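Novice: So I've got this file, protein-v6.txt, and it contains compact mmCIF, N, CA and C atoms:
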```
# COMPACT_ATOMS: atom_id res chain seq x y z
N MET A 28 -73.73 -51.46 49.91
CA MET A 28 -74.78 -50.57 49.56
C MET A 28 -75.77 -50.47 50.70
N SER A 29 -75.96 -51.55 51.41
CA SER A 29 -76.88 -51.51 52.54
C SER A 29 -76.33 -50.61 53.64
N ASP A 30 -75.00 -50.42 53.69
CA ASP A 30 -74.43 -49.50 54.68
C ASP A 30 -74.84 -48.07 54.37
N ASN A 31 -74.84 -47.71 53.09
CA ASN A 31 -75.22 -46.36 52.71
C ASN A 31 -76.69 -46.10 52.97
N GLU A 32 -77.52 -47.08 52.72
CA GLU A 32 -78.95 -46.91 52.89
C GLU A 32 -79.34 -46.93 54.36
N SER A 33 -78.52 -47.56 55.22
CA SER A 33 -78.87 -47.66 56.63
C SER A 33 -78.86 -46.30 57.31
N GLY A 34 -78.08 -45.34 56.81
CA GLY A 34 -78.07 -44.01 57.40
C GLY A 34 -79.40 -43.32 57.24
N VAL A 35 -79.95 -43.34 56.03
CA VAL A 35 -81.23 -42.70 55.76
C VAL A 35 -82.36 -43.58 56.26
N GLY A 36 -82.33 -44.84 55.91
CA GLY A 36 -83.37 -45.77 56.34
C GLY A 36 -83.32 -45.97 57.84
N GLY A 37 -82.15 -46.01 58.41
CA GLY A 37 -81.99 -46.18 59.85
C GLY A 37 -82.62 -45.03 60.61
N PHE A 38 -82.47 -43.83 60.08
CA PHE A 38 -83.07 -42.66 60.72
C PHE A 38 -84.59 -42.75 60.66
N GLY A 39 -85.11 -43.18 59.54
CA GLY A 39 -86.56 -43.35 59.41
C GLY A 39 -87.08 -44.39 60.37
N TRP A 40 -86.36 -45.50 60.46
CA TRP A 40 -86.77 -46.56 61.40
C TRP A 40 -86.64 -46.07 62.85
N PHE A 41 -85.63 -45.26 63.09
CA PHE A 41 -85.47 -44.70 64.44
C PHE A 41 -86.68 -43.85 64.80
N LEU A 42 -87.11 -42.98 63.90
CA LEU A 42 -88.28 -42.14 64.17
C LEU A 42 -89.54 -42.98 64.32
N ALA A 43 -89.70 -44.00 63.49
CA ALA A 43 -90.87 -44.86 63.60
C ALA A 43 -90.86 -45.60 64.94
N GLY A 44 -89.73 -46.11 65.33
CA GLY A 44 -89.61 -46.79 66.62
C GLY A 44 -89.87 -45.85 67.78
N LEU A 45 -89.39 -44.61 67.63
CA LEU A 45 -89.62 -43.62 68.67
C LEU A 45 -91.10 -43.33 68.84
N GLY A 46 -91.78 -43.19 67.70
CA GLY A 46 -93.23 -42.93 67.74
C GLY A 46 -93.98 -44.10 68.34
N ILE A 47 -93.63 -45.30 67.90
CA ILE A 47 -94.32 -46.49 68.43
C ILE A 47 -94.03 -46.64 69.91
N GLY A 48 -92.79 -46.42 70.31
CA GLY A 48 -92.44 -46.51 71.72
C GLY A 48 -93.18 -45.48 72.56
N ALA A 49 -93.29 -44.28 72.01
CA ALA A 49 -94.02 -43.24 72.75
C ALA A 49 -95.49 -43.62 72.90
N LEU A 50 -96.08 -44.16 71.83
CA LEU A 50 -97.48 -44.56 71.87
C LEU A 50 -97.69 -45.68 72.88
N VAL A 51 -96.84 -46.69 72.84
CA VAL A 51 -96.95 -47.80 73.79
C VAL A 51 -96.73 -47.29 75.22
N GLY A 52 -95.80 -46.39 75.38
CA GLY A 52 -95.53 -45.83 76.70
C GLY A 52 -96.72 -45.06 77.24
N VAL A 53 -97.40 -44.34 76.38
CA VAL A 53 -98.58 -43.57 76.80
C VAL A 53 -99.69 -44.53 77.21
N LEU A 54 -99.87 -45.57 76.43
CA LEU A 54 -100.96 -46.49 76.70
C LEU A 54 -100.76 -47.29 77.98
N TYR A 55 -99.56 -47.69 78.25
CA TYR A 55 -99.31 -48.58 79.38
C TYR A 55 -98.63 -47.90 80.58
N ALA A 56 -98.41 -46.62 80.53
CA ALA A 56 -97.71 -45.93 81.62
C ALA A 56 -98.66 -45.67 82.79
N PRO A 57 -98.19 -45.95 83.97
CA PRO A 57 -99.01 -45.68 85.15
C PRO A 57 -98.76 -44.26 85.66
N LYS A 58 -98.60 -43.32 84.74
CA LYS A 58 -98.29 -41.95 85.13
C LYS A 58 -99.51 -41.08 84.90
N SER A 59 -99.45 -39.91 85.46
CA SER A 59 -100.54 -38.96 85.25
C SER A 59 -100.41 -38.34 83.86
N GLY A 60 -101.42 -37.64 83.42
CA GLY A 60 -101.42 -37.01 82.11
C GLY A 60 -100.31 -35.99 81.95
N LYS A 61 -100.06 -35.20 83.00
CA LYS A 61 -99.02 -34.20 82.93
C LYS A 61 -97.65 -34.86 82.80
N GLU A 62 -97.39 -35.91 83.58
CA GLU A 62 -96.11 -36.61 83.50
C GLU A 62 -95.94 -37.26 82.13
N THR A 63 -97.02 -37.82 81.62
CA THR A 63 -96.96 -38.46 80.30
C THR A 63 -96.66 -37.43 79.23
N ARG A 64 -97.32 -36.27 79.28
CA ARG A 64 -97.06 -35.21 78.30
C ARG A 64 -95.62 -34.73 78.40
N ASP A 65 -95.12 -34.58 79.61
CA ASP A 65 -93.73 -34.16 79.79
C ASP A 65 -92.76 -35.19 79.20
N ASP A 66 -93.08 -36.47 79.41
CA ASP A 66 -92.24 -37.53 78.83
C ASP A 66 -92.28 -37.49 77.30
N ILE A 67 -93.47 -37.26 76.76
CA ILE A 67 -93.59 -37.20 75.28
C ILE A 67 -92.80 -36.01 74.75
N VAL A 68 -92.90 -34.88 75.43
CA VAL A 68 -92.13 -33.70 75.00
C VAL A 68 -90.64 -33.98 75.11
N ALA A 69 -90.21 -34.61 76.21
CA ALA A 69 -88.80 -34.94 76.37
C ALA A 69 -88.34 -35.90 75.28
N GLY A 70 -89.19 -36.89 74.97
CA GLY A 70 -88.85 -37.84 73.90
C GLY A 70 -88.76 -37.14 72.55
N ALA A 71 -89.67 -36.21 72.29
CA ALA A 71 -89.63 -35.46 71.03
C ALA A 71 -88.38 -34.60 70.96
N LEU A 72 -88.00 -33.98 72.07
CA LEU A 72 -86.79 -33.17 72.08
C LEU A 72 -85.55 -34.03 71.86
N ASP A 73 -85.54 -35.21 72.49
CA ASP A 73 -84.43 -36.14 72.26
C ASP A 73 -84.35 -36.55 70.79
N ALA A 74 -85.53 -36.82 70.22
CA ALA A 74 -85.56 -37.21 68.81
C ALA A 74 -85.06 -36.07 67.93
N ARG A 75 -85.40 -34.84 68.26
CA ARG A 75 -84.94 -33.69 67.47
C ARG A 75 -83.42 -33.55 67.60
N GLU A 76 -82.90 -33.74 68.81
CA GLU A 76 -81.45 -33.67 68.99
C GLU A 76 -80.73 -34.75 68.18
N LYS A 77 -81.29 -35.96 68.22
CA LYS A 77 -80.70 -37.06 67.42
C LYS A 77 -80.75 -36.72 65.93
N ALA A 78 -81.88 -36.17 65.49
CA ALA A 78 -82.01 -35.80 64.07
C ALA A 78 -80.98 -34.73 63.70
N ASN A 79 -80.76 -33.76 64.57
CA ASN A 79 -79.75 -32.73 64.31
C ASN A 79 -78.35 -33.34 64.28
N GLU A 80 -78.08 -34.29 65.17
CA GLU A 80 -76.78 -34.96 65.16
C GLU A 80 -76.57 -35.70 63.84
N TYR A 81 -77.60 -36.45 63.41
CA TYR A 81 -77.49 -37.17 62.13
C TYR A 81 -77.30 -36.19 60.98
N TYR A 82 -78.00 -35.09 61.01
CA TYR A 82 -77.88 -34.08 59.96
C TYR A 82 -76.46 -33.53 59.93
N ASN A 83 -75.93 -33.16 61.10
CA ASN A 83 -74.57 -32.60 61.16
C ASN A 83 -73.53 -33.63 60.71
N GLN A 84 -73.74 -34.89 61.11
CA GLN A 84 -72.82 -35.93 60.64
C GLN A 84 -72.89 -36.06 59.13
N GLY A 85 -74.08 -36.00 58.58
CA GLY A 85 -74.24 -36.10 57.12
C GLY A 85 -73.56 -34.93 56.40
N VAL A 86 -73.71 -33.73 56.96
CA VAL A 86 -73.08 -32.55 56.36
C VAL A 86 -71.56 -32.69 56.41
N GLN A 87 -71.02 -33.15 57.54
CA GLN A 87 -69.58 -33.33 57.65
C GLN A 87 -69.08 -34.39 56.67
N GLN A 88 -69.80 -35.47 56.58
CA GLN A 88 -69.39 -36.55 55.68
C GLN A 88 -69.47 -36.09 54.22
N ALA A 89 -70.51 -35.35 53.89
CA ALA A 89 -70.62 -34.82 52.53
C ALA A 89 -69.46 -33.88 52.23
N GLY A 90 -69.09 -33.05 53.20
CA GLY A 90 -67.95 -32.14 53.03
C GLY A 90 -66.65 -32.91 52.80
N GLN A 91 -66.48 -34.01 53.54
CA GLN A 91 -65.29 -34.83 53.35
C GLN A 91 -65.27 -35.45 51.96
N TYR A 92 -66.43 -35.94 51.51
CA TYR A 92 -66.49 -36.53 50.16
C TYR A 92 -66.21 -35.48 49.10
N ILE A 93 -66.71 -34.29 49.30
CA ILE A 93 -66.45 -33.20 48.34
C ILE A 93 -64.96 -32.88 48.30
N ASP A 94 -64.34 -32.78 49.48
CA ASP A 94 -62.91 -32.50 49.53
C ASP A 94 -62.10 -33.61 48.86
N GLN A 95 -62.48 -34.86 49.11
CA GLN A 95 -61.79 -35.98 48.47
C GLN A 95 -61.97 -35.93 46.96
N GLY A 96 -63.18 -35.58 46.52
CA GLY A 96 -63.42 -35.48 45.08
C GLY A 96 -62.60 -34.38 44.45
N LYS A 97 -62.53 -33.23 45.12
CA LYS A 97 -61.72 -32.13 44.59
C LYS A 97 -60.25 -32.54 44.50
N GLN A 98 -59.78 -33.22 45.52
CA GLN A 98 -58.38 -33.66 45.54
C GLN A 98 -58.12 -34.64 44.39
N ALA A 99 -59.04 -35.58 44.20
CA ALA A 99 -58.87 -36.57 43.13
C ALA A 99 -58.88 -35.88 41.76
N VAL A 100 -59.79 -34.94 41.57
CA VAL A 100 -59.84 -34.21 40.29
C VAL A 100 -58.55 -33.43 40.09
N GLY A 101 -58.08 -32.78 41.15
CA GLY A 101 -56.81 -32.04 41.05
C GLY A 101 -55.65 -32.94 40.69
N ASP A 102 -55.62 -34.13 41.31
CA ASP A 102 -54.54 -35.08 41.00
C ASP A 102 -54.60 -35.53 39.55
N TYR A 103 -55.80 -35.88 39.08
CA TYR A 103 -55.93 -36.32 37.69
C TYR A 103 -55.61 -35.19 36.72
N LEU A 104 -56.00 -33.98 37.05
CA LEU A 104 -55.70 -32.84 36.19
C LEU A 104 -54.20 -32.61 36.12
N SER A 105 -53.54 -32.71 37.25
CA SER A 105 -52.09 -32.53 37.29
C SER A 105 -51.38 -33.62 36.47
N LYS A 106 -51.82 -34.86 36.65
CA LYS A 106 -51.23 -35.96 35.87
C LYS A 106 -51.47 -35.76 34.38
N GLY A 107 -52.68 -35.31 34.03
CA GLY A 107 -52.99 -35.07 32.62
C GLY A 107 -52.11 -33.99 32.03
N LYS A 108 -51.88 -32.92 32.80
CA LYS A 108 -51.01 -31.85 32.31
C LYS A 108 -49.59 -32.36 32.13
N ASP A 109 -49.12 -33.19 33.06
CA ASP A 109 -47.77 -33.74 32.96
C ASP A 109 -47.63 -34.60 31.71
N VAL A 110 -48.61 -35.47 31.48
CA VAL A 110 -48.56 -36.36 30.31
C VAL A 110 -48.63 -35.53 29.03
N ALA A 111 -49.52 -34.55 29.01
CA ALA A 111 -49.62 -33.70 27.82
C ALA A 111 -48.31 -32.96 27.58
N GLY A 112 -47.69 -32.48 28.65
CA GLY A 112 -46.40 -31.79 28.52
C GLY A 112 -45.33 -32.71 27.96
N GLN A 113 -45.35 -33.96 28.39
CA GLN A 113 -44.37 -34.92 27.87
C GLN A 113 -44.57 -35.13 26.37
N TYR A 114 -45.84 -35.26 25.94
CA TYR A 114 -46.09 -35.45 24.52
C TYR A 114 -45.74 -34.21 23.71
N VAL A 115 -45.97 -33.05 24.27
CA VAL A 115 -45.57 -31.81 23.58
C VAL A 115 -44.06 -31.77 23.43
N ASP A 116 -43.34 -32.14 24.50
CA ASP A 116 -41.88 -32.15 24.42
C ASP A 116 -41.39 -33.15 23.38
N LYS A 117 -42.01 -34.33 23.35
CA LYS A 117 -41.63 -35.33 22.35
C LYS A 117 -41.91 -34.80 20.95
N GLY A 118 -43.03 -34.13 20.78
CA GLY A 118 -43.36 -33.55 19.47
C GLY A 118 -42.34 -32.50 19.06
N LYS A 119 -41.94 -31.66 20.01
CA LYS A 119 -40.94 -30.64 19.71
C LYS A 119 -39.61 -31.28 19.33
N ASP A 120 -39.23 -32.33 20.06
CA ASP A 120 -37.99 -33.04 19.74
C ASP A 120 -38.04 -33.63 18.33
N ALA A 121 -39.18 -34.26 18.00
CA ALA A 121 -39.32 -34.86 16.67
C ALA A 121 -39.28 -33.79 15.59
N LEU A 122 -39.93 -32.65 15.85
CA LEU A 122 -39.91 -31.55 14.88
C LEU A 122 -38.50 -31.03 14.67
N GLU A 123 -37.77 -30.86 15.76
CA GLU A 123 -36.40 -30.37 15.65
C GLU A 123 -35.52 -31.37 14.90
N LYS A 124 -35.71 -32.66 15.18
CA LYS A 124 -34.95 -33.69 14.48
C LYS A 124 -35.27 -33.65 12.99
N GLY A 125 -36.55 -33.49 12.68
CA GLY A 125 -36.95 -33.41 11.27
C GLY A 125 -36.36 -32.19 10.58
N ARG A 126 -36.36 -31.06 11.29
CA ARG A 126 -35.76 -29.84 10.71
C ARG A 126 -34.27 -30.04 10.46
N THR A 127 -33.59 -30.66 11.42
CA THR A 127 -32.16 -30.90 11.28
C THR A 127 -31.88 -31.82 10.09
N GLN A 128 -32.64 -32.91 9.97
CA GLN A 128 -32.45 -33.82 8.84
C GLN A 128 -32.76 -33.13 7.52
N PHE A 129 -33.83 -32.32 7.50
CA PHE A 129 -34.17 -31.61 6.27
C PHE A 129 -33.05 -30.66 5.89
N SER A 130 -32.52 -29.96 6.88
CA SER A 130 -31.42 -29.04 6.62
C SER A 130 -30.20 -29.78 6.08
N GLN A 131 -29.92 -30.94 6.66
CA GLN A 131 -28.79 -31.74 6.18
C GLN A 131 -29.01 -32.19 4.73
N TYR A 132 -30.23 -32.62 4.42
CA TYR A 132 -30.53 -33.05 3.05
C TYR A 132 -30.43 -31.87 2.08
N VAL A 133 -30.87 -30.70 2.48
CA VAL A 133 -30.76 -29.52 1.62
C VAL A 133 -29.29 -29.19 1.38
N ASP A 134 -28.48 -29.25 2.45
CA ASP A 134 -27.05 -28.96 2.30
C ASP A 134 -26.38 -29.98 1.38
N LYS A 135 -26.76 -31.26 1.54
CA LYS A 135 -26.19 -32.29 0.66
C LYS A 135 -26.62 -32.06 -0.79
N GLY A 136 -27.88 -31.66 -0.96
CA GLY A 136 -28.36 -31.37 -2.32
C GLY A 136 -27.61 -30.21 -2.95
N LYS A 137 -27.39 -29.16 -2.16
CA LYS A 137 -26.63 -28.00 -2.68
C LYS A 137 -25.21 -28.41 -3.04
N GLU A 138 -24.62 -29.23 -2.17
CA GLU A 138 -23.26 -29.69 -2.44
C GLU A 138 -23.21 -30.55 -3.70
N LEU A 139 -24.20 -31.42 -3.87
CA LEU A 139 -24.26 -32.26 -5.05
C LEU A 139 -24.43 -31.41 -6.31
N ILE A 140 -25.30 -30.43 -6.23
CA ILE A 140 -25.50 -29.55 -7.40
C ILE A 140 -24.21 -28.79 -7.71
N GLN A 141 -23.54 -28.30 -6.66
CA GLN A 141 -22.28 -27.58 -6.88
C GLN A 141 -21.24 -28.50 -7.53
N ASN A 142 -21.14 -29.74 -7.02
CA ASN A 142 -20.17 -30.69 -7.58
C ASN A 142 -20.51 -31.01 -9.03
N GLN A 143 -21.78 -31.22 -9.31
CA GLN A 143 -22.19 -31.52 -10.68
C GLN A 143 -21.95 -30.31 -11.58
N GLY A 144 -22.21 -29.11 -11.04
CA GLY A 144 -21.94 -27.89 -11.82
C GLY A 144 -20.47 -27.75 -12.13
N ASP A 145 -19.64 -28.04 -11.12
CA ASP A 145 -18.19 -27.98 -11.34
C ASP A 145 -17.76 -29.02 -12.37
N ALA A 146 -18.35 -30.22 -12.29
CA ALA A 146 -18.00 -31.27 -13.25
C ALA A 146 -18.42 -30.87 -14.65
N VAL A 147 -19.61 -30.28 -14.77
CA VAL A 147 -20.07 -29.84 -16.09
C VAL A 147 -19.16 -28.74 -16.62
N SER A 148 -18.80 -27.79 -15.76
CA SER A 148 -17.90 -26.70 -16.18
C SER A 148 -16.55 -27.26 -16.63
N ALA A 149 -16.04 -28.24 -15.86
CA ALA A 149 -14.76 -28.85 -16.22
C ALA A 149 -14.90 -29.59 -17.54
N ALA A 150 -16.03 -30.27 -17.75
CA ALA A 150 -16.23 -30.99 -19.01
C ALA A 150 -16.33 -30.00 -20.18
N VAL A 151 -17.04 -28.89 -19.96
CA VAL A 151 -17.15 -27.87 -21.01
C VAL A 151 -15.78 -27.29 -21.33
N ASP A 152 -15.01 -26.98 -20.27
CA ASP A 152 -13.67 -26.44 -20.51
C ASP A 152 -12.78 -27.44 -21.23
N ALA A 153 -12.89 -28.72 -20.84
CA ALA A 153 -12.10 -29.75 -21.51
C ALA A 153 -12.55 -29.88 -22.97
N GLY A 154 -13.85 -29.77 -23.18
CA GLY A 154 -14.34 -29.84 -24.56
C GLY A 154 -13.84 -28.67 -25.39
N LYS A 155 -13.81 -27.48 -24.81
CA LYS A 155 -13.30 -26.30 -25.51
C LYS A 155 -11.83 -26.48 -25.86
N ASP A 156 -11.08 -26.95 -24.85
CA ASP A 156 -9.65 -27.16 -25.09
C ASP A 156 -9.43 -28.21 -26.19
N ALA A 157 -10.20 -29.26 -26.17
CA ALA A 157 -10.05 -30.30 -27.18
C ALA A 157 -10.41 -29.76 -28.56
N TYR A 158 -11.46 -28.94 -28.60
CA TYR A 158 -11.86 -28.35 -29.88
C TYR A 158 -10.78 -27.42 -30.41
N VAL A 159 -10.23 -26.63 -29.49
CA VAL A 159 -9.19 -25.69 -29.91
C VAL A 159 -7.98 -26.47 -30.42
N LYS A 160 -7.63 -27.55 -29.77
CA LYS A 160 -6.48 -28.32 -30.19
C LYS A 160 -6.71 -28.99 -31.54
N THR A 161 -7.90 -29.47 -31.76
CA THR A 161 -8.18 -30.16 -33.01
C THR A 161 -8.52 -29.20 -34.14
N ALA A 162 -9.02 -28.04 -33.82
CA ALA A 162 -9.44 -27.13 -34.84
C ALA A 162 -8.27 -26.26 -35.34
N THR A 163 -7.28 -26.05 -34.55
CA THR A 163 -6.17 -25.20 -34.98
C THR A 163 -5.05 -26.07 -35.53
N PRO A 164 -4.42 -25.58 -36.61
CA PRO A 164 -3.33 -26.37 -37.16
C PRO A 164 -2.14 -26.46 -36.19
N PRO A 165 -1.39 -27.51 -36.30
CA PRO A 165 -0.32 -27.73 -35.35
C PRO A 165 0.77 -26.67 -35.44
N GLU A 166 0.97 -26.00 -36.49
CA GLU A 166 2.04 -25.02 -36.54
C GLU A 166 1.71 -23.77 -35.76
N ASN A 167 0.46 -23.51 -35.48
CA ASN A 167 0.11 -22.32 -34.70
C ASN A 167 0.22 -22.56 -33.20
N LEU A 168 0.45 -23.75 -32.84
CA LEU A 168 0.54 -24.06 -31.42
C LEU A 168 1.84 -23.69 -30.87
```
Could you render the structure as structure tokens?
Specialist:
Amino acid sequence: MSDNESGVGGFGWFLAGLGIGALVGVLYAPKSGKETRDDIVAGALDAREKANEYYNQGVQQAGQYIDQGKQAVGDYLSKGKDVAGQYVDKGKDALEKGRTQFSQYVDKGKELIQNQGDAVSAAVDAGKDAYVKTATPPENL
């Protein structure tokens, strides 16, 4: 965390040091006023150039972080879509399996009803035949 703060804090300390250095230089310099003013202007221009360099570096680094963030979000979004697609496919498979089993159970039920209907019809027919045999005298047979 101190590395992150050193960029902003470091720049502030740089400017403070520059100002203090310029002040000390003015006080103890054996130069004329014009030379001293030229040195101060040169120092200020150097400080402005350094500030612009730090600014440009910060903009580039922020751009890199933004690009990395976009890439990470895109990756997570893609993975999420893939996982969701897998669950949708599993759901479709389960639904199809359920439909198939339901269809099989319906077919078995229809077959069972048909068999029971046939058995009932056969029992009714057998009952009719038995009634006819017992109800009619043997000489009419």
Novice: Hey, can you check how far atom CA of Asp73 of chain A sits from atom CA of Gly52 of chain A?
Specialist: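 Spanning atom CA of Asp73 of chain A to atom CA of Gly52 of chain A is a straight-line distance of 15.4 Å.
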Novice: As an exercise, work out the distance from atom CA of Ala71 of chain A to atom N of Ala89 of chain A in Å and give it to one decimal place.
Specialist: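 Between these atoms lies a distance of 25.7 Å.
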Novice: Kindly give the distance, in Å, that separates atom CA of Ser105 of chain A and atom N of Gln91 of chain A, rounded to a single decimal.
Specialist: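 One can read the atom CA of Ser105 of chain A to atom N of Gln91 of chain A distance as 21.8 Å.
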